[in-house]
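Report on the following structure.
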2 protein chains.
Amino acid sequence: MPTTSRILDERAMARALARMASEIVERCQGSDDLMLVGIQRRGVELAQRLAELIQKHEGRAVPLGKLDITLYRDDLQSIGPRPVVGETSLPGDLDGQTVVIVDDVLYTGRTIRAALDELADFGRPRRIFLCVLVDRGGRELPIQADVVGTTVTTTQGDRVDVLVRERDGEDAANLVRA
Amino acid sequence: MPTTSRILDERAMARALARMASEIVERCQGSDDLMLVGIQRRGVELAQRLAELIQKHEGRAVPLGKLDITLYRDDLQSIGPRPVVGETSLPGDLDGQTVVIVDDVLYTGRTIRAALDELADFGRPRRIFLCVLVDRGGRELPIQADVVGTTVTTTQGDRVDVLVRERDGEDAANLVRA
């Protein structure tokens, strides 16, 4: 039977997000043209939270975008004939911007490769940072996050589920062991 | 006047390459299907050297490929109407393979993003490692090398030149300060 253990409870997740918001601001100092882009699905809510925190503590409004990477997946040919594609919307021209990609879990890096590929079709940001709530290791591509909420060691059969209030009724990150 | 300082002389470069070859073997243990892919231009010679070292010390022949990323550059539209495109050749099907990308210098990460993009058009490797002789910092994308010869701190106006015997008559890495 699968066992579930908590990686982040509501308070820990709130603390992690607050620290991540500060780190984003620190790293992007001097960039007037900061933009947060959440990866569908839960990266979108996390990006929104981070933007609210930056607004609250820094008094700075940060434009928000969302990215659905389905059509840029490297296994697109094997996921079936009619993939469900969510919305991609970016708040403006990417050229010369500082873009922070926000995702819930970083694992193989394939989602992020796809996101970089998709962003390149929209313009040429000056700098792209990667911000994730949970880094579970297991990279298959040479990709690393710049801002990380928490790190957890996992094996291949494990699953990491991030839950967000807006969508799931609670804030949490769980490790599900098969 | 620009000043040149040596990052690696011939002996230091030989030592770095020998250690990098060992690291590649360690990291790829259990992968029968290892492949080295050098990025044009000097990554190609470095990949060849690493393959020779792995052959010599491990008695293991490693297939070699080369990649020209010009057509995958994110600034392709601004480099002029007739870019000079070198050869791309891969030693076989990439699906399920362990691919080690080899380059001379890692800087913004844009070349590597382009290489990942190009490789995805040739197949879906199980694992892609990144191996560079010199990491000069200054990343603009969330990309990191797995195997690094040496790290040097640079500023934007600096240049890092890697020289290889086959092409330049000597083995060295130089930092040129403007």
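Naming works like this for the structure tokens: A, B, ... for the chains as they're shown, residue 1 at the start of each chain, ligands 1 onward in shown order.
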
For chain B, list the residues within 12 Å of chain A, counting only C-alpha atoms, and write the list as a PyMOL selection string.
chain B and resi 27-28+72-78+95-102+106+108-110+112-132+138-147

Excluding Asp161 in chain A and any residue of its chain fewer than 2 positions from it, enumerate the residues within 9 Å of it, using only C-alpha atoms, and give them as an mmCIF file with C-alpha atoms, in the first residue's frame.
data_model
loop_
_atom_site.group_PDB
_atom_site.id
_atom_site.type_symbol
_atom_site.label_atom_id
_atom_site.label_comp_id
_atom_site.auth_asym_id
_atom_site.auth_seq_id
_atom_site.Cartn_x
_atom_site.Cartn_y
_atom_site.Cartn_z
ATOM 1 C CA ASP A 104 5.629 23.024 -8.030
ATOM 2 C CA VAL A 105 8.060 20.104 -8.367
ATOM 3 C CA ARG A 159 5.356 10.759 -6.260
ATOM 4 C CA LEU A 163 -1.631 20.891 -3.068
ATOM 5 C CA ALA A 172 0.647 21.040 1.456
ATOM 6 C CA ALA A 173 3.349 18.976 -0.190
ATOM 7 C CA ASN A 174 3.211 15.197 0.226
ATOM 8 C CA LEU A 175 5.571 12.393 -0.634
ATOM 9 C CA VAL A 176 3.703 9.275 -1.758
#

Please write out chain B, superposed on chain A by least squares over all C-alpha atoms matched in order, as a tab-separated table (two decimals) with C-alpha atoms, in the first residue's frame.
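Okay, this is what ended up in superposed_1.tsv:
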chain	number	residue	atom	x	y	z
B	1	MET	CA	0.03	-0.02	0.02
B	2	PRO	CA	1.30	3.47	-0.78
B	3	THR	CA	2.36	5.48	2.25
B	4	THR	CA	2.04	9.23	2.34
B	5	SER	CA	4.31	11.48	4.35
B	6	ARG	CA	4.10	15.20	4.62
B	7	ILE	CA	6.97	17.24	3.18
B	8	LEU	CA	5.40	20.64	3.87
B	9	ASP	CA	2.32	21.47	5.92
B	10	GLU	CA	0.44	24.72	5.57
B	11	ARG	CA	2.73	26.74	7.83
B	12	ALA	CA	5.94	25.33	6.36
B	13	MET	CA	4.68	26.06	2.86
B	14	ALA	CA	3.80	29.65	3.82
B	15	ARG	CA	7.29	30.12	5.29
B	16	ALA	CA	8.95	28.59	2.23
B	17	LEU	CA	6.98	30.83	-0.14
B	18	ALA	CA	7.80	33.95	1.88
B	19	ARG	CA	11.52	33.13	1.76
B	20	MET	CA	11.33	32.30	-1.94
B	21	ALA	CA	9.66	35.66	-2.64
B	22	SER	CA	12.53	37.42	-0.83
B	23	GLU	CA	15.11	35.41	-2.75
B	24	ILE	CA	13.48	36.27	-6.05
B	25	VAL	CA	13.58	39.96	-5.19
B	26	GLU	CA	17.23	39.73	-4.11
B	27	ARG	CA	18.31	37.89	-7.22
B	28	CYS	CA	16.41	40.17	-9.52
B	29	GLN	CA	17.60	43.39	-7.97
B	30	GLY	CA	17.99	46.04	-10.56
B	31	SER	CA	15.58	44.34	-12.96
B	32	ASP	CA	12.63	46.67	-13.43
B	33	ASP	CA	11.18	44.21	-15.85
B	34	LEU	CA	10.57	41.21	-13.63
B	35	MET	CA	7.88	38.74	-14.68
B	36	LEU	CA	6.66	35.53	-13.00
B	37	VAL	CA	5.51	32.70	-15.26
B	38	GLY	CA	3.79	29.72	-13.64
B	39	ILE	CA	3.79	26.32	-15.27
B	40	GLN	CA	0.36	24.72	-15.57
B	41	ARG	CA	-1.14	23.64	-13.40
B	42	ARG	CA	0.01	24.29	-9.83
B	43	GLY	CA	2.92	26.50	-10.81
B	44	VAL	CA	0.30	29.06	-11.80
B	45	GLU	CA	-1.14	29.35	-8.28
B	46	LEU	CA	2.34	29.37	-6.75
B	47	ALA	CA	3.43	32.18	-9.08
B	48	GLN	CA	0.34	34.12	-8.05
B	49	ARG	CA	1.17	33.64	-4.36
B	50	LEU	CA	4.75	34.75	-4.91
B	51	ALA	CA	3.56	37.82	-6.79
B	52	GLU	CA	1.23	38.69	-3.89
B	53	LEU	CA	4.06	38.29	-1.38
B	54	ILE	CA	6.37	40.50	-3.44
B	55	GLN	CA	3.60	43.08	-3.74
B	56	LYS	CA	2.94	42.97	0.01
B	57	HIS	CA	6.53	43.15	1.21
B	58	GLU	CA	8.16	45.17	-1.52
B	59	GLY	CA	5.22	47.22	-2.73
B	60	ARG	CA	6.05	46.10	-6.20
B	61	ALA	CA	3.53	44.79	-8.73
B	62	VAL	CA	4.88	41.88	-10.73
B	63	PRO	CA	3.27	40.86	-14.03
B	64	LEU	CA	2.09	37.24	-14.12
B	65	GLY	CA	2.02	34.76	-16.95
B	66	LYS	CA	1.17	31.10	-17.35
B	67	LEU	CA	2.69	28.45	-19.54
B	68	ASP	CA	1.28	25.13	-20.71
B	69	ILE	CA	4.20	23.08	-21.99
B	70	THR	CA	2.22	20.13	-23.37
B	71	LEU	CA	2.99	20.80	-27.04
B	72	TYR	CA	6.70	21.17	-26.23
B	73	ARG	CA	7.05	17.85	-24.38
B	74	ASP	CA	9.81	15.59	-25.70
B	75	ASP	CA	7.45	12.61	-25.46
B	76	LEU	CA	4.59	14.36	-27.24
B	77	GLN	CA	4.44	11.65	-29.89
B	78	SER	CA	3.78	8.98	-27.28
B	79	ILE	CA	1.12	10.67	-25.13
B	80	GLY	CA	-1.76	10.02	-27.51
B	81	PRO	CA	-3.45	11.80	-30.40
B	82	ARG	CA	-5.38	14.52	-28.52
B	83	PRO	CA	-3.34	15.88	-25.65
B	84	VAL	CA	-5.20	18.20	-23.29
B	85	VAL	CA	-3.56	21.59	-23.70
B	86	GLY	CA	-4.07	24.29	-21.08
B	87	GLU	CA	-3.68	28.00	-21.50
B	88	THR	CA	-0.46	29.82	-22.24
B	89	SER	CA	-0.60	33.56	-21.69
B	90	LEU	CA	2.25	35.96	-21.18
B	91	PRO	CA	1.81	39.49	-19.86
B	92	GLY	CA	3.85	41.16	-22.59
B	93	ASP	CA	6.93	41.05	-24.75
B	94	LEU	CA	9.68	38.84	-23.32
B	95	ASP	CA	12.62	40.51	-25.06
B	96	GLY	CA	15.10	41.82	-22.52
B	97	GLN	CA	12.90	40.81	-19.55
B	98	THR	CA	13.82	38.92	-16.40
B	99	VAL	CA	11.53	35.91	-16.32
B	100	VAL	CA	11.09	33.68	-13.27
B	101	ILE	CA	9.64	30.30	-14.18
B	102	VAL	CA	7.64	28.92	-11.24
B	103	ASP	CA	6.79	25.24	-10.87
B	104	ASP	CA	5.62	23.04	-8.02
B	105	VAL	CA	8.05	20.10	-8.37
B	106	LEU	CA	11.42	19.81	-10.10
B	107	TYR	CA	12.26	16.23	-11.05
B	108	THR	CA	13.78	15.12	-14.38
B	109	GLY	CA	14.06	18.68	-15.74
B	110	ARG	CA	12.12	17.74	-18.89
B	111	THR	CA	9.24	20.08	-18.10
B	112	ILE	CA	11.68	22.95	-17.69
B	113	ARG	CA	13.49	22.14	-20.93
B	114	ALA	CA	10.10	22.29	-22.63
B	115	ALA	CA	9.31	25.60	-20.89
B	116	LEU	CA	12.62	27.11	-22.06
B	117	ASP	CA	11.84	25.90	-25.55
B	118	GLU	CA	8.35	27.43	-25.46
B	119	LEU	CA	9.56	30.75	-24.00
B	120	ALA	CA	12.14	31.00	-26.79
B	121	ASP	CA	9.24	31.02	-29.24
B	122	PHE	CA	7.82	34.10	-27.50
B	123	GLY	CA	10.99	36.17	-27.30
B	124	ARG	CA	14.46	36.39	-25.84
B	125	PRO	CA	14.48	37.19	-22.13
B	126	ARG	CA	17.66	38.71	-20.76
B	127	ARG	CA	17.62	36.28	-17.85
B	128	ILE	CA	15.49	33.27	-16.94
B	129	PHE	CA	15.44	32.07	-13.33
B	130	LEU	CA	13.86	28.85	-12.15
B	131	CYS	CA	11.94	28.74	-8.89
B	132	VAL	CA	10.38	25.51	-7.55
B	133	LEU	CA	8.62	24.62	-4.33
B	134	VAL	CA	10.01	21.06	-4.11
B	135	ASP	CA	13.23	19.75	-5.68
B	136	ARG	CA	12.96	15.96	-5.57
B	137	GLY	CA	16.26	15.20	-7.34
B	138	GLY	CA	16.42	12.65	-10.15
B	139	ARG	CA	17.49	15.01	-12.89
B	140	GLU	CA	17.74	13.62	-16.45
B	141	LEU	CA	18.86	16.94	-17.97
B	142	PRO	CA	21.51	19.47	-16.85
B	143	ILE	CA	18.94	21.83	-15.33
B	144	GLN	CA	19.00	23.31	-11.83
B	145	ALA	CA	16.71	25.63	-9.93
B	146	ASP	CA	17.88	29.02	-8.69
B	147	VAL	CA	15.32	29.30	-5.88
B	148	VAL	CA	14.09	26.18	-4.05
B	149	GLY	CA	11.45	25.83	-1.33
B	150	THR	CA	12.61	22.48	-0.04
B	151	THR	CA	14.61	19.48	-1.20
B	152	VAL	CA	13.56	15.88	-0.70
B	153	THR	CA	15.26	12.64	-1.65
B	154	THR	CA	13.04	10.33	-3.66
B	155	THR	CA	13.22	7.17	-5.70
B	156	GLN	CA	11.73	6.54	-9.09
B	157	GLY	CA	8.43	5.02	-7.94
B	158	ASP	CA	7.71	7.90	-5.55
B	159	ARG	CA	5.34	10.72	-6.25
B	160	VAL	CA	5.43	14.26	-4.88
B	161	ASP	CA	2.03	15.97	-4.73
B	162	VAL	CA	1.78	19.68	-4.15
B	163	LEU	CA	-1.65	20.87	-3.07
B	164	VAL	CA	-2.79	24.48	-3.20
B	165	ARG	CA	-5.75	26.02	-1.40
B	166	GLU	CA	-7.27	27.53	-4.56
B	167	ARG	CA	-7.48	24.20	-6.31
B	168	ASP	CA	-7.27	21.48	-3.66
B	169	GLY	CA	-8.70	23.13	-0.54
B	170	GLU	CA	-5.41	22.99	1.37
B	171	ASP	CA	-1.75	23.95	1.15
B	172	ALA	CA	0.64	21.03	1.44
B	173	ALA	CA	3.34	18.97	-0.19
B	174	ASN	CA	3.20	15.18	0.22
B	175	LEU	CA	5.56	12.39	-0.64
B	176	VAL	CA	3.69	9.27	-1.75
B	177	ARG	CA	5.80	6.09	-1.63
B	178	ALA	CA	4.55	3.22	-3.73

Could you pull out the alpha helix (DSSP H) residues of chain A, going by DSSP on the backbone, and write them as a ChimeraX atom specification?
/A:10-27,42-58,110-122,165-168

Which of range 108-148 of chain B DSSP labels strand (DSSP E), written as a VMD selection string:
chain B and resid 127 to 135 147 to 148

Prev. selection, N, CA and C atoms, output as an mmCIF file, in the first residue's frame:
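Output saved as out-v8.cif:
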data_model
loop_
_atom_site.group_PDB
_atom_site.id
_atom_site.type_symbol
_atom_site.label_atom_id
_atom_site.label_comp_id
_atom_site.auth_asym_id
_atom_site.auth_seq_id
_atom_site.Cartn_x
_atom_site.Cartn_y
_atom_site.Cartn_z
ATOM 1 N N ARG B 127 19.024 10.065 -20.461
ATOM 2 C CA ARG B 127 19.714 10.973 -19.562
ATOM 3 C C ARG B 127 20.671 11.808 -20.386
ATOM 4 N N ILE B 128 20.698 13.116 -20.140
ATOM 5 C CA ILE B 128 21.690 13.983 -20.778
ATOM 6 C C ILE B 128 22.543 14.625 -19.698
ATOM 7 N N PHE B 129 23.850 14.389 -19.748
ATOM 8 C CA PHE B 129 24.783 15.063 -18.852
ATOM 9 C C PHE B 129 25.454 16.202 -19.606
ATOM 10 N N LEU B 130 25.930 17.176 -18.839
ATOM 11 C CA LEU B 130 26.690 18.270 -19.446
ATOM 12 C C LEU B 130 28.089 18.298 -18.844
ATOM 13 N N CYS B 131 29.074 18.339 -19.711
ATOM 14 C CA CYS B 131 30.475 18.298 -19.319
ATOM 15 C C CYS B 131 31.193 19.463 -20.001
ATOM 16 N N VAL B 132 31.808 20.349 -19.213
ATOM 17 C CA VAL B 132 32.500 21.507 -19.812
ATOM 18 C C VAL B 132 33.898 21.639 -19.225
ATOM 19 N N LEU B 133 34.811 22.131 -20.048
ATOM 20 C CA LEU B 133 36.180 22.318 -19.551
ATOM 21 C C LEU B 133 36.258 23.517 -18.610
ATOM 22 N N VAL B 134 35.642 24.636 -18.972
ATOM 23 C CA VAL B 134 35.692 25.837 -18.138
ATOM 24 C C VAL B 134 34.279 26.357 -17.878
ATOM 25 N N ASP B 135 33.922 26.488 -16.598
ATOM 26 C CA ASP B 135 32.669 27.152 -16.223
ATOM 27 C C ASP B 135 33.024 28.564 -15.792
ATOM 28 N N VAL B 147 29.744 17.832 -14.971
ATOM 29 C CA VAL B 147 31.189 17.582 -14.878
ATOM 30 C C VAL B 147 31.906 18.835 -15.370
ATOM 31 N N VAL B 148 32.803 19.376 -14.524
ATOM 32 C CA VAL B 148 33.458 20.655 -14.834
ATOM 33 C C VAL B 148 34.966 20.499 -14.694
#
